Amino acid sequence: VTCSLLLDYHSKNGRCTEARKIFDPMTQKGIKPDATTYSILLNGCAKKGDLSGVRGLLDLMVANGIPPTHHVFNIISCAYTKGGMIDEAMHIFDQMRQQGLNPDVVSYGVLIDALCKLGRVDEAMHKFSQMIKEGMTPDVIVFTSLAYGLCSVDKWEQVEEIFYEMLDQGIHPDATFFTTIMCNLCNEGRVMEAQGLIDLMVRVGVRPNVTSFNVLMDGHCLAGRMDEAVKLLDGMVSVGLKPDSFSYNTLLHGYCKAGRIDDAFILFREMLSNEVT
RNA sequence: GCAAGCCCUGGAUCGC
(Lines give C-alpha, C1' and ligand atoms only; values in the text may rest on other atoms or scores of the structure.)
Protein backbone atom coordinates (compact mmCIF):
# COMPACT_ATOMS: atom_id res chain seq x y z
CA VAL A 1 0.00 0.00 0.00
CA THR A 2 2.70 2.46 0.89
CA CYS A 3 4.65 1.53 -2.21
CA SER A 4 1.84 2.56 -4.50
CA LEU A 5 1.39 5.68 -2.47
CA LEU A 6 4.93 6.72 -3.27
CA LEU A 7 4.34 5.85 -6.89
CA ASP A 8 1.62 8.31 -7.55
CA TYR A 9 3.12 10.86 -5.24
CA HIS A 10 5.92 11.14 -7.72
CA SER A 11 3.77 11.08 -10.78
CA LYS A 12 1.86 14.01 -9.40
CA ASN A 13 4.84 16.14 -10.35
CA GLY A 14 4.09 15.39 -13.94
CA ARG A 15 0.44 15.28 -14.74
CA CYS A 16 -2.46 14.21 -12.65
CA THR A 17 -3.88 12.24 -15.54
CA GLU A 18 -0.73 10.17 -15.40
CA ALA A 19 -1.28 9.70 -11.72
CA ARG A 20 -4.79 8.59 -12.42
CA LYS A 21 -3.44 5.89 -14.70
CA ILE A 22 -1.65 4.44 -11.74
CA PHE A 23 -4.46 5.09 -9.33
CA ASP A 24 -7.24 3.30 -11.16
CA PRO A 25 -5.46 -0.06 -11.66
CA MET A 26 -4.36 0.24 -8.08
CA THR A 27 -7.91 0.25 -6.82
CA GLN A 28 -8.81 -2.58 -9.18
CA LYS A 29 -6.13 -4.73 -7.61
CA GLY A 30 -7.87 -4.23 -4.34
CA ILE A 31 -5.33 -1.83 -2.95
CA LYS A 32 -7.05 0.70 -0.80
CA PRO A 33 -5.79 4.23 -1.29
CA ASP A 34 -5.78 6.24 1.90
CA ALA A 35 -6.73 9.83 2.53
CA THR A 36 -3.25 11.04 1.68
CA THR A 37 -3.41 9.42 -1.74
CA TYR A 38 -6.72 11.10 -2.38
CA SER A 39 -5.31 14.42 -1.22
CA ILE A 40 -2.54 14.19 -3.74
CA LEU A 41 -4.92 13.45 -6.58
CA LEU A 42 -7.38 16.06 -5.42
CA ASN A 43 -4.67 18.63 -5.37
CA GLY A 44 -3.81 17.76 -8.94
CA CYS A 45 -7.38 18.40 -10.03
CA ALA A 46 -7.64 21.52 -7.91
CA LYS A 47 -4.53 23.04 -9.47
CA LYS A 48 -6.00 22.54 -12.91
CA GLY A 49 -9.22 24.16 -11.79
CA ASP A 50 -11.01 20.90 -12.49
CA LEU A 51 -13.83 21.21 -9.97
CA SER A 52 -15.87 18.35 -11.31
CA GLY A 53 -12.82 16.12 -11.03
CA VAL A 54 -12.50 17.26 -7.45
CA ARG A 55 -16.11 16.45 -6.70
CA GLY A 56 -15.81 13.07 -8.39
CA LEU A 57 -12.81 12.11 -6.30
CA LEU A 58 -14.50 13.25 -3.14
CA ASP A 59 -17.51 11.07 -3.92
CA LEU A 60 -15.22 8.19 -4.71
CA MET A 61 -13.38 8.42 -1.44
CA VAL A 62 -16.58 8.68 0.55
CA ALA A 63 -17.94 5.68 -1.38
CA ASN A 64 -14.83 3.76 -0.40
CA GLY A 65 -15.35 4.59 3.21
CA ILE A 66 -12.40 6.92 3.56
CA PRO A 67 -13.35 9.87 5.72
CA PRO A 68 -12.08 13.17 4.29
CA THR A 69 -9.37 14.84 6.33
CA HIS A 70 -8.51 18.45 6.98
CA HIS A 71 -6.22 18.38 4.00
CA VAL A 72 -8.97 17.12 1.75
CA PHE A 73 -11.45 19.76 2.85
CA ASN A 74 -8.86 22.48 2.61
CA ILE A 75 -7.91 21.51 -0.91
CA ILE A 76 -11.54 21.60 -1.95
CA SER A 77 -12.17 24.88 -0.22
CA CYS A 78 -9.18 26.40 -1.94
CA ALA A 79 -10.34 25.11 -5.31
CA TYR A 80 -13.66 26.83 -4.78
CA THR A 81 -12.12 30.14 -3.83
CA LYS A 82 -9.78 30.04 -6.81
CA GLY A 83 -12.83 29.41 -8.97
CA GLY A 84 -14.52 32.47 -7.52
CA MET A 85 -17.00 30.42 -5.52
CA ILE A 86 -16.33 31.73 -2.09
CA ASP A 87 -19.76 30.93 -0.75
CA GLU A 88 -19.21 27.28 -1.60
CA ALA A 89 -15.87 27.48 0.16
CA MET A 90 -17.45 28.89 3.29
CA HIS A 91 -19.95 26.10 3.19
CA ILE A 92 -17.05 23.66 3.58
CA PHE A 93 -16.80 24.80 7.18
CA ASP A 94 -20.23 23.34 7.87
CA GLN A 95 -19.38 20.14 6.06
CA MET A 96 -16.24 19.76 8.11
CA ARG A 97 -18.13 20.20 11.33
CA GLN A 98 -20.68 17.64 10.19
CA GLN A 99 -17.79 15.21 9.90
CA GLY A 100 -16.64 16.13 13.35
CA LEU A 101 -13.67 18.10 12.13
CA ASN A 102 -12.95 21.58 13.30
CA PRO A 103 -11.61 23.96 10.65
CA ASP A 104 -7.90 24.43 11.23
CA VAL A 105 -5.51 27.29 10.62
CA VAL A 106 -5.24 26.43 6.95
CA SER A 107 -9.02 26.30 6.55
CA TYR A 108 -9.25 29.80 7.93
CA GLY A 109 -6.20 30.86 5.97
CA VAL A 110 -7.82 29.88 2.70
CA LEU A 111 -10.95 31.89 3.39
CA ILE A 112 -9.16 34.89 4.81
CA ASP A 113 -6.90 35.05 1.80
CA ALA A 114 -9.81 34.74 -0.60
CA LEU A 115 -11.79 37.47 1.15
CA CYS A 116 -8.78 39.75 1.13
CA LYS A 117 -8.18 39.19 -2.56
CA LEU A 118 -11.79 40.18 -3.18
CA GLY A 119 -11.32 43.34 -1.16
CA ARG A 120 -13.74 42.05 1.48
CA VAL A 121 -11.25 42.84 4.18
CA ASP A 122 -13.80 43.49 6.91
CA GLU A 123 -15.13 39.98 6.54
CA ALA A 124 -11.60 38.67 6.52
CA MET A 125 -10.89 40.50 9.77
CA HIS A 126 -14.03 38.99 11.19
CA LYS A 127 -12.87 35.48 10.30
CA PHE A 128 -9.56 36.38 11.84
CA SER A 129 -11.08 37.26 15.21
CA GLN A 130 -13.31 34.24 14.95
CA MET A 131 -10.36 31.91 14.65
CA ILE A 132 -8.68 33.52 17.62
CA LYS A 133 -11.90 33.14 19.58
CA GLU A 134 -11.81 29.46 18.78
CA GLY A 135 -8.40 29.26 20.34
CA MET A 136 -6.37 29.05 17.18
CA THR A 137 -3.13 30.88 16.62
CA PRO A 138 -2.98 32.60 13.26
CA ASP A 139 0.33 31.99 11.55
CA VAL A 140 2.48 34.18 9.39
CA ILE A 141 0.54 33.18 6.28
CA VAL A 142 -2.72 34.45 7.71
CA PHE A 143 -1.04 37.69 8.67
CA THR A 144 0.39 38.02 5.20
CA SER A 145 -3.02 37.61 3.61
CA LEU A 146 -4.46 40.22 5.92
CA ALA A 147 -1.60 42.59 5.22
CA TYR A 148 -2.23 42.17 1.51
CA GLY A 149 -5.90 42.94 1.95
CA LEU A 150 -5.36 45.92 4.21
CA CYS A 151 -2.76 47.40 1.89
CA SER A 152 -4.97 47.06 -1.11
CA VAL A 153 -7.79 48.97 0.56
CA ASP A 154 -5.34 51.60 1.82
CA LYS A 155 -5.68 50.79 5.50
CA TRP A 156 -2.03 51.32 6.13
CA GLU A 157 -2.36 52.06 9.84
CA GLN A 158 -4.00 48.70 10.30
CA VAL A 159 -1.14 47.01 8.49
CA GLU A 160 1.13 48.40 11.14
CA GLU A 161 -1.25 47.21 13.84
CA ILE A 162 -1.29 43.63 12.67
CA PHE A 163 2.46 43.75 12.30
CA TYR A 164 2.84 44.56 15.97
CA GLU A 165 0.12 42.13 16.90
CA MET A 166 2.06 39.45 15.10
CA LEU A 167 5.24 40.29 16.95
CA ASP A 168 3.32 40.28 20.23
CA GLN A 169 2.18 36.77 19.55
CA GLY A 170 5.74 35.70 18.96
CA ILE A 171 5.15 35.04 15.29
CA HIS A 172 8.11 35.89 13.15
CA PRO A 173 7.42 37.79 9.98
CA ASP A 174 9.15 36.30 6.97
CA ALA A 175 10.36 37.59 3.65
CA THR A 176 7.00 37.00 2.00
CA PHE A 177 5.24 39.07 4.61
CA PHE A 178 7.48 42.05 4.04
CA THR A 179 7.53 41.60 0.30
CA THR A 180 3.75 41.67 0.20
CA ILE A 181 3.69 45.07 1.83
CA MET A 182 6.55 46.34 -0.28
CA CYS A 183 4.71 45.33 -3.41
CA ASN A 184 1.63 47.26 -2.42
CA LEU A 185 3.73 50.30 -1.57
CA CYS A 186 5.39 50.11 -4.96
CA ASN A 187 2.05 49.92 -6.69
CA GLU A 188 1.18 53.19 -5.01
CA GLY A 189 4.40 54.69 -6.24
CA ARG A 190 5.86 54.68 -2.73
CA VAL A 191 9.07 52.98 -3.76
CA MET A 192 11.24 54.74 -1.22
CA GLU A 193 9.10 53.49 1.64
CA ALA A 194 9.29 50.02 0.18
CA GLN A 195 13.02 50.29 0.03
CA GLY A 196 12.97 51.35 3.65
CA LEU A 197 11.18 48.14 4.52
CA ILE A 198 14.18 46.19 3.25
CA ASP A 199 16.24 47.88 5.93
CA LEU A 200 13.60 47.10 8.53
CA MET A 201 13.44 43.45 7.60
CA VAL A 202 17.17 43.09 7.73
CA ARG A 203 17.13 44.73 11.16
CA VAL A 204 14.68 42.16 12.45
CA GLY A 205 16.73 39.35 11.01
CA VAL A 206 14.77 38.52 7.89
CA ARG A 207 16.72 38.17 4.68
CA PRO A 208 15.18 39.64 1.55
CA ASN A 209 14.82 37.06 -1.20
CA VAL A 210 14.71 37.26 -4.97
CA THR A 211 11.05 38.28 -4.98
CA SER A 212 11.75 41.13 -2.57
CA PHE A 213 14.25 42.52 -5.02
CA ASN A 214 12.02 41.87 -8.00
CA VAL A 215 9.23 43.85 -6.39
CA LEU A 216 11.49 46.79 -5.75
CA MET A 217 12.94 46.66 -9.23
CA ASP A 218 9.48 46.74 -10.70
CA GLY A 219 8.65 49.69 -8.50
CA HIS A 220 11.60 51.62 -9.83
CA CYS A 221 10.78 50.62 -13.39
CA LEU A 222 7.24 51.89 -13.01
CA ALA A 223 8.61 55.13 -11.63
CA GLY A 224 10.80 55.39 -14.72
CA ARG A 225 14.02 55.03 -12.77
CA MET A 226 15.69 52.28 -14.74
CA ASP A 227 19.13 52.98 -13.41
CA GLU A 228 17.97 52.44 -9.83
CA ALA A 229 16.32 49.22 -10.92
CA VAL A 230 19.47 47.94 -12.56
CA LYS A 231 21.45 48.83 -9.47
CA LEU A 232 19.19 46.48 -7.55
CA LEU A 233 19.98 43.69 -9.96
CA ASP A 234 23.62 44.06 -9.06
CA GLY A 235 22.62 44.47 -5.43
CA MET A 236 20.86 41.15 -5.33
CA VAL A 237 23.80 39.40 -6.91
CA SER A 238 26.14 40.93 -4.40
CA VAL A 239 24.14 39.48 -1.51
CA GLY A 240 24.30 36.07 -3.12
CA LEU A 241 20.87 35.95 -4.73
CA LYS A 242 20.41 34.69 -8.24
CA PRO A 243 18.15 36.80 -10.47
CA ASP A 244 15.37 34.74 -12.02
CA SER A 245 13.24 35.15 -15.10
CA PHE A 246 10.96 37.57 -13.24
CA SER A 247 13.94 39.79 -12.52
CA TYR A 248 14.97 39.95 -16.16
CA ASN A 249 11.47 40.26 -17.53
CA THR A 250 10.85 43.18 -15.20
CA LEU A 251 13.93 45.02 -16.34
CA LEU A 252 13.53 44.18 -20.01
CA HIS A 253 9.97 45.43 -19.92
CA GLY A 254 11.13 48.55 -18.15
CA TYR A 255 13.81 49.27 -20.73
CA CYS A 256 11.45 48.70 -23.63
CA LYS A 257 8.85 50.98 -22.15
CA ALA A 258 11.50 53.63 -21.68
CA GLY A 259 12.52 53.23 -25.31
CA ARG A 260 15.98 52.01 -24.35
CA ILE A 261 16.04 49.10 -26.72
CA ASP A 262 19.82 48.92 -26.88
CA ASP A 263 20.07 48.55 -23.14
CA ALA A 264 17.36 45.94 -23.25
CA PHE A 265 19.31 44.00 -25.80
CA ILE A 266 22.51 44.13 -23.79
CA LEU A 267 20.64 42.90 -20.76
CA PHE A 268 18.99 40.21 -22.80
CA ARG A 269 22.36 38.87 -23.87
CA GLU A 270 23.53 38.98 -20.28
CA MET A 271 20.49 36.98 -19.34
CA LEU A 272 21.25 34.34 -21.94
CA SER A 273 24.82 34.03 -20.77
CA ASN A 274 23.60 33.31 -17.25
CA GLU A 275 21.60 30.35 -16.24
CA VAL A 276 18.21 31.77 -15.51
CA THR A 277 15.48 29.78 -13.87
C1' G B 1 3.97 1.09 24.99
C1' C B 2 5.41 6.58 25.01
C1' A B 3 7.29 10.76 22.51
C1' A B 4 9.07 13.05 18.23
C1' G B 5 9.82 13.61 13.10
C1' C B 6 8.36 12.84 7.76
C1' C B 7 4.71 12.86 3.62
C1' C B 8 -0.68 15.61 1.08
C1' U B 9 -3.62 21.57 1.89
C1' G B 10 -3.42 28.14 2.45
C1' G B 11 0.32 33.71 1.52
C1' A B 12 4.24 37.83 -2.20
C1' U B 13 6.78 39.90 -7.69
C1' C B 14 7.15 40.66 -14.28
C1' G B 15 5.30 39.40 -19.03
C1' C B 16 1.50 36.65 -21.86
# chains A, B, ... in the order shown; residues from 1 in each chain; ligands from 1
>>> closest_atom_pairs(of="chain B", to="chain A", cutoff="12 Å", atoms="only C-alpha atoms (C1' of nucleotides)", output="JSON lines")
{"residue": "B:C7", "atom": "C1'", "partner": "A:Thr36", "partner_atom": "CA", "distance": 8.4}
{"residue": "B:C8", "atom": "C1'", "partner": "A:Thr36", "partner_atom": "CA", "distance": 5.3}
{"residue": "B:U9", "atom": "C1'", "partner": "A:His71", "partner_atom": "CA", "distance": 4.6}
{"residue": "B:G10", "atom": "C1'", "partner": "A:Val110", "partner_atom": "CA", "distance": 4.7}
{"residue": "B:G11", "atom": "C1'", "partner": "A:Ile141", "partner_atom": "CA", "distance": 4.8}
{"residue": "B:A12", "atom": "C1'", "partner": "A:Thr180", "partner_atom": "CA", "distance": 4.6}
{"residue": "B:U13", "atom": "C1'", "partner": "A:Val215", "partner_atom": "CA", "distance": 4.8}
{"residue": "B:C14", "atom": "C1'", "partner": "A:Thr250", "partner_atom": "CA", "distance": 4.6}
{"residue": "B:G15", "atom": "C1'", "partner": "A:Asn249", "partner_atom": "CA", "distance": 6.4}
{"residue": "B:C16", "atom": "C1'", "partner": "A:Asn249", "partner_atom": "CA", "distance": 11.5}
>>> write_last_selection(atoms="N, CA and C atoms (P, O5', C5', C4', C3', O3' and C1' of nucleotides)", output="mmCIF file, in the first residue's frame")
data_model
loop_
_atom_site.group_PDB
_atom_site.id
_atom_site.type_symbol
_atom_site.label_atom_id
_atom_site.label_comp_id
_atom_site.auth_asym_id
_atom_site.auth_seq_id
_atom_site.Cartn_x
_atom_site.Cartn_y
_atom_site.Cartn_z
ATOM 1 P P C B 7 7.999 16.811 5.027
ATOM 2 O "O5'" C B 7 6.995 15.952 4.147
ATOM 3 C "C5'" C B 7 7.512 15.063 3.167
ATOM 4 C "C4'" C B 7 6.427 14.140 2.695
ATOM 5 C "C3'" C B 7 5.096 14.802 2.370
ATOM 6 O "O3'" C B 7 5.125 15.424 1.104
ATOM 7 C "C1'" C B 7 4.707 12.855 3.622
ATOM 8 P P C B 8 4.647 16.951 0.989
ATOM 9 O "O5'" C B 8 3.088 16.783 0.778
ATOM 10 C "C5'" C B 8 2.596 16.028 -0.308
ATOM 11 C "C4'" C B 8 1.106 16.087 -0.335
ATOM 12 C "C3'" C B 8 0.493 17.402 0.119
ATOM 13 O "O3'" C B 8 0.566 18.384 -0.891
ATOM 14 C "C1'" C B 8 -0.678 15.608 1.078
ATOM 15 P P U B 9 0.869 19.895 -0.447
ATOM 16 O "O5'" U B 9 -0.553 20.373 0.046
ATOM 17 C "C5'" U B 9 -1.665 20.371 -0.846
ATOM 18 C "C4'" U B 9 -2.786 21.163 -0.251
ATOM 19 C "C3'" U B 9 -2.418 22.591 0.127
ATOM 20 O "O3'" U B 9 -2.512 23.427 -1.003
ATOM 21 C "C1'" U B 9 -3.620 21.569 1.891
ATOM 22 P P G B 10 -1.523 24.665 -1.104
ATOM 23 O "O5'" G B 10 -2.254 25.730 -0.200
ATOM 24 C "C5'" G B 10 -3.519 26.261 -0.582
ATOM 25 C "C4'" G B 10 -3.850 27.454 0.247
ATOM 26 C "C3'" G B 10 -2.810 28.565 0.201
ATOM 27 O "O3'" G B 10 -3.017 29.393 -0.924
ATOM 28 C "C1'" G B 10 -3.417 28.143 2.449
ATOM 29 P P G B 11 -1.770 29.971 -1.721
ATOM 30 O "O5'" G B 11 -1.350 31.147 -0.755
ATOM 31 C "C5'" G B 11 -2.246 32.210 -0.493
ATOM 32 C "C4'" G B 11 -1.522 33.358 0.116
ATOM 33 C "C3'" G B 11 -0.393 33.929 -0.730
ATOM 34 O "O3'" G B 11 -0.909 34.790 -1.726
ATOM 35 C "C1'" G B 11 0.318 33.710 1.525
ATOM 36 P P A B 12 -0.201 34.913 -3.119
ATOM 37 O "O5'" A B 12 0.997 35.894 -2.781
ATOM 38 C "C5'" A B 12 0.726 37.179 -2.248
ATOM 39 C "C4'" A B 12 1.936 38.049 -2.387
ATOM 40 C "C3'" A B 12 2.518 38.097 -3.790
ATOM 41 O "O3'" A B 12 1.796 39.010 -4.595
ATOM 42 C "C1'" A B 12 4.243 37.826 -2.205
ATOM 43 P P U B 13 1.762 38.791 -6.166
ATOM 44 O "O5'" U B 13 3.169 39.326 -6.643
ATOM 45 C "C5'" U B 13 3.506 40.694 -6.468
ATOM 46 C "C4'" U B 13 4.769 40.995 -7.201
ATOM 47 C "C3'" U B 13 4.758 40.642 -8.676
ATOM 48 O "O3'" U B 13 4.143 41.668 -9.415
ATOM 49 C "C1'" U B 13 6.775 39.899 -7.692
ATOM 50 P P C B 14 3.254 41.320 -10.647
ATOM 51 O "O5'" C B 14 4.280 41.401 -11.879
ATOM 52 C "C5'" C B 14 5.117 42.531 -12.009
ATOM 53 C "C4'" C B 14 5.999 42.389 -13.213
ATOM 54 C "C3'" C B 14 5.277 42.062 -14.510
ATOM 55 O "O3'" C B 14 4.730 43.221 -15.108
ATOM 56 C "C1'" C B 14 7.148 40.663 -14.279
ATOM 57 P P G B 15 3.329 43.116 -15.871
ATOM 58 O "O5'" G B 15 3.689 42.224 -17.140
ATOM 59 C "C5'" G B 15 4.485 42.781 -18.174
ATOM 60 C "C4'" G B 15 4.925 41.706 -19.120
ATOM 61 C "C3'" G B 15 3.802 41.005 -19.887
ATOM 62 O "O3'" G B 15 3.394 41.753 -21.023
ATOM 63 C "C1'" G B 15 5.299 39.397 -19.033
ATOM 64 P P C B 16 1.823 41.841 -21.363
ATOM 65 O "O5'" C B 16 1.522 40.381 -21.914
ATOM 66 C "C5'" C B 16 2.093 39.933 -23.137
ATOM 67 C "C4'" C B 16 1.813 38.464 -23.309
ATOM 68 C "C3'" C B 16 0.328 38.086 -23.344
ATOM 69 O "O3'" C B 16 -0.235 38.251 -24.625
ATOM 70 C "C1'" C B 16 1.497 36.648 -21.862
#
>>> select_by_dssp(residues="range 4-122 of chain A", states="alpha helix (DSSP H)", output="ChimeraX atom specification")
/A:4-11,16-28,35-48,51-63,70-82,86-98,105-117,121-122
>>> atom_distance(atom1="CA of Gly149 in chain A", atom2="CA of Val121 in chain A")
5.8 Å
>>> residues_around(residues="Leu241 in chain A", least_positions_apart="4", cutoff="8 Å", atoms="only C-alpha atoms (C1' of nucleotides)", output="mmCIF file with all heavy atoms, in the first residue's frame")
data_model
loop_
_atom_site.group_PDB
_atom_site.id
_atom_site.type_symbol
_atom_site.label_atom_id
_atom_site.label_comp_id
_atom_site.auth_asym_id
_atom_site.auth_seq_id
_atom_site.Cartn_x
_atom_site.Cartn_y
_atom_site.Cartn_z
ATOM 1 N N ASN A 209 14.550 38.093 -0.199
ATOM 2 C CA ASN A 209 14.818 37.059 -1.203
ATOM 3 C C ASN A 209 14.698 37.647 -2.607
ATOM 4 O O ASN A 209 14.564 38.866 -2.778
ATOM 5 C CB ASN A 209 13.883 35.858 -0.983
ATOM 6 C CG ASN A 209 12.419 36.242 -1.102
ATOM 7 O OD1 ASN A 209 12.075 37.245 -1.718
ATOM 8 N ND2 ASN A 209 11.557 35.430 -0.524
ATOM 9 N N VAL A 210 14.733 36.783 -3.582
ATOM 10 C CA VAL A 210 14.714 37.256 -4.966
ATOM 11 C C VAL A 210 13.437 38.052 -5.244
ATOM 12 O O VAL A 210 13.471 39.105 -5.894
ATOM 13 C CB VAL A 210 14.830 36.065 -5.944
ATOM 14 C CG1 VAL A 210 14.644 36.510 -7.378
ATOM 15 C CG2 VAL A 210 16.178 35.379 -5.774
ATOM 16 N N MET A 236 21.293 42.487 -5.733
ATOM 17 C CA MET A 236 20.860 41.147 -5.333
ATOM 18 C C MET A 236 21.952 40.114 -5.580
ATOM 19 O O MET A 236 22.151 39.203 -4.785
ATOM 20 C CB MET A 236 19.516 40.762 -5.969
ATOM 21 C CG MET A 236 19.481 40.488 -7.434
ATOM 22 S SD MET A 236 17.769 40.473 -8.049
ATOM 23 C CE MET A 236 17.255 38.860 -7.563
ATOM 24 N N VAL A 237 22.685 40.315 -6.649
ATOM 25 C CA VAL A 237 23.798 39.401 -6.913
ATOM 26 C C VAL A 237 24.847 39.510 -5.812
ATOM 27 O O VAL A 237 25.376 38.506 -5.335
ATOM 28 C CB VAL A 237 24.428 39.701 -8.288
ATOM 29 C CG1 VAL A 237 25.699 38.895 -8.491
ATOM 30 C CG2 VAL A 237 23.429 39.398 -9.402
#
>>> residues_around(residues="His220 in chain A", least_positions_apart="6", cutoff="8 Å", atoms="only C-alpha atoms (C1' of nucleotides)", output="ChimeraX atom specification")
/A:191,226,228-229
>>> residues_around(residues="Gly119 in chain A", least_positions_apart="3", cutoff="8 Å", atoms="only C-alpha atoms (C1' of nucleotides)", output="mmCIF file with N, CA and C atoms, in the first residue's frame")
data_model
loop_
_atom_site.group_PDB
_atom_site.id
_atom_site.type_symbol
_atom_site.label_atom_id
_atom_site.label_comp_id
_atom_site.auth_asym_id
_atom_site.auth_seq_id
_atom_site.Cartn_x
_atom_site.Cartn_y
_atom_site.Cartn_z
ATOM 1 N N LEU A 115 -11.035 36.256 0.837
ATOM 2 C CA LEU A 115 -11.789 37.468 1.146
ATOM 3 C C LEU A 115 -10.918 38.705 0.910
ATOM 4 N N CYS A 116 -9.681 38.611 1.324
ATOM 5 C CA CYS A 116 -8.780 39.746 1.129
ATOM 6 C C CYS A 116 -8.572 40.036 -0.346
ATOM 7 N N GLY A 149 -4.566 42.356 2.052
ATOM 8 C CA GLY A 149 -5.898 42.939 1.950
ATOM 9 C C GLY A 149 -5.944 44.364 2.469
ATOM 10 N N SER A 152 -4.274 46.781 0.147
ATOM 11 C CA SER A 152 -4.966 47.057 -1.107
ATOM 12 C C SER A 152 -6.220 47.900 -0.901
ATOM 13 N N VAL A 153 -6.694 48.026 0.330
ATOM 14 C CA VAL A 153 -7.791 48.968 0.557
ATOM 15 C C VAL A 153 -7.286 50.202 1.321
#
>>> atom_distance(atom1="CA of Glu88 in chain A", atom2="CA of Leu51 in chain A")
11.7 Å
>>> residues_around(residues="Ser52 in chain A", least_positions_apart="3", cutoff="12 Å", atoms="only C-alpha atoms (C1' of nucleotides)", output="list of chain:residue names")
A:Leu42, A:Cys45, A:Ala46, A:Lys48, A:Gly49, A:Arg55, A:Gly56, A:Leu57, A:Leu58, A:Asp59, A:Ile76, A:Ala79, A:Tyr80, A:Gly83
>>> atom_distance(atom1="CA of His126 in chain A", atom2="CA of Cys151 in chain A")
16.9 Å
>>> decode(residues="range 3-15 of chain B", atoms="N, CA, C and O atoms (P, O5', C5', C4', C3', O3' and C1' of nucleotides)", output="short mmCIF file (atom, residue, chain, number, x, y, z; two decimals), in the first residue's frame")
data_model
loop_
_atom_site.label_atom_id
_atom_site.label_comp_id
_atom_site.auth_asym_id
_atom_site.auth_seq_id
_atom_site.Cartn_x
_atom_site.Cartn_y
_atom_site.Cartn_z
P A B 3 2.19 9.80 23.52
"O5'" A B 3 3.54 10.54 23.12
"C5'" A B 3 4.11 11.48 24.02
"C4'" A B 3 5.51 11.81 23.59
"C3'" A B 3 5.66 12.42 22.21
"O3'" A B 3 5.33 13.80 22.18
"C1'" A B 3 7.29 10.76 22.51
P A B 4 4.71 14.40 20.87
"O5'" A B 4 5.97 14.44 19.90
"C5'" A B 4 7.08 15.27 20.23
"C4'" A B 4 8.25 14.92 19.36
"C3'" A B 4 8.08 15.15 17.87
"O3'" A B 4 8.24 16.51 17.52
"C1'" A B 4 9.07 13.05 18.23
P G B 5 7.40 17.06 16.27
"O5'" G B 5 8.13 16.37 15.04
"C5'" G B 5 9.43 16.82 14.67
"C4'" G B 5 10.05 15.85 13.72
"C3'" G B 5 9.40 15.80 12.33
"O3'" G B 5 9.80 16.88 11.51
"C1'" G B 5 9.82 13.61 13.10
P C B 6 8.78 17.42 10.43
"O5'" C B 6 8.77 16.26 9.33
"C5'" C B 6 9.97 15.90 8.65
"C4'" C B 6 9.72 14.75 7.73
"C3'" C B 6 8.57 14.96 6.75
"O3'" C B 6 8.98 15.69 5.62
"C1'" C B 6 8.36 12.84 7.76
P C B 7 8.00 16.81 5.03
"O5'" C B 7 6.99 15.95 4.15
"C5'" C B 7 7.51 15.06 3.17
"C4'" C B 7 6.43 14.14 2.69
"C3'" C B 7 5.10 14.80 2.37
"O3'" C B 7 5.13 15.42 1.10
"C1'" C B 7 4.71 12.86 3.62
P C B 8 4.65 16.95 0.99
"O5'" C B 8 3.09 16.78 0.78
"C5'" C B 8 2.60 16.03 -0.31
"C4'" C B 8 1.11 16.09 -0.34
"C3'" C B 8 0.49 17.40 0.12
"O3'" C B 8 0.57 18.38 -0.89
"C1'" C B 8 -0.68 15.61 1.08
P U B 9 0.87 19.90 -0.45
"O5'" U B 9 -0.55 20.37 0.05
"C5'" U B 9 -1.66 20.37 -0.85
"C4'" U B 9 -2.79 21.16 -0.25
"C3'" U B 9 -2.42 22.59 0.13
"O3'" U B 9 -2.51 23.43 -1.00
"C1'" U B 9 -3.62 21.57 1.89
P G B 10 -1.52 24.67 -1.10
"O5'" G B 10 -2.25 25.73 -0.20
"C5'" G B 10 -3.52 26.26 -0.58
"C4'" G B 10 -3.85 27.45 0.25
"C3'" G B 10 -2.81 28.57 0.20
"O3'" G B 10 -3.02 29.39 -0.92
"C1'" G B 10 -3.42 28.14 2.45
P G B 11 -1.77 29.97 -1.72
"O5'" G B 11 -1.35 31.15 -0.76
"C5'" G B 11 -2.25 32.21 -0.49
"C4'" G B 11 -1.52 33.36 0.12
"C3'" G B 11 -0.39 33.93 -0.73
"O3'" G B 11 -0.91 34.79 -1.73
"C1'" G B 11 0.32 33.71 1.52
P A B 12 -0.20 34.91 -3.12
"O5'" A B 12 1.00 35.89 -2.78
"C5'" A B 12 0.73 37.18 -2.25
"C4'" A B 12 1.94 38.05 -2.39
"C3'" A B 12 2.52 38.10 -3.79
"O3'" A B 12 1.80 39.01 -4.60
"C1'" A B 12 4.24 37.83 -2.20
P U B 13 1.76 38.79 -6.17
"O5'" U B 13 3.17 39.33 -6.64
"C5'" U B 13 3.51 40.69 -6.47
"C4'" U B 13 4.77 41.00 -7.20
"C3'" U B 13 4.76 40.64 -8.68
"O3'" U B 13 4.14 41.67 -9.42
"C1'" U B 13 6.78 39.90 -7.69
P C B 14 3.25 41.32 -10.65
"O5'" C B 14 4.28 41.40 -11.88
"C5'" C B 14 5.12 42.53 -12.01
"C4'" C B 14 6.00 42.39 -13.21
"C3'" C B 14 5.28 42.06 -14.51
"O3'" C B 14 4.73 43.22 -15.11
"C1'" C B 14 7.15 40.66 -14.28
P G B 15 3.33 43.12 -15.87
"O5'" G B 15 3.69 42.22 -17.14
"C5'" G B 15 4.48 42.78 -18.17
"C4'" G B 15 4.93 41.71 -19.12
"C3'" G B 15 3.80 41.01 -19.89
"O3'" G B 15 3.39 41.75 -21.02
"C1'" G B 15 5.30 39.40 -19.03
#
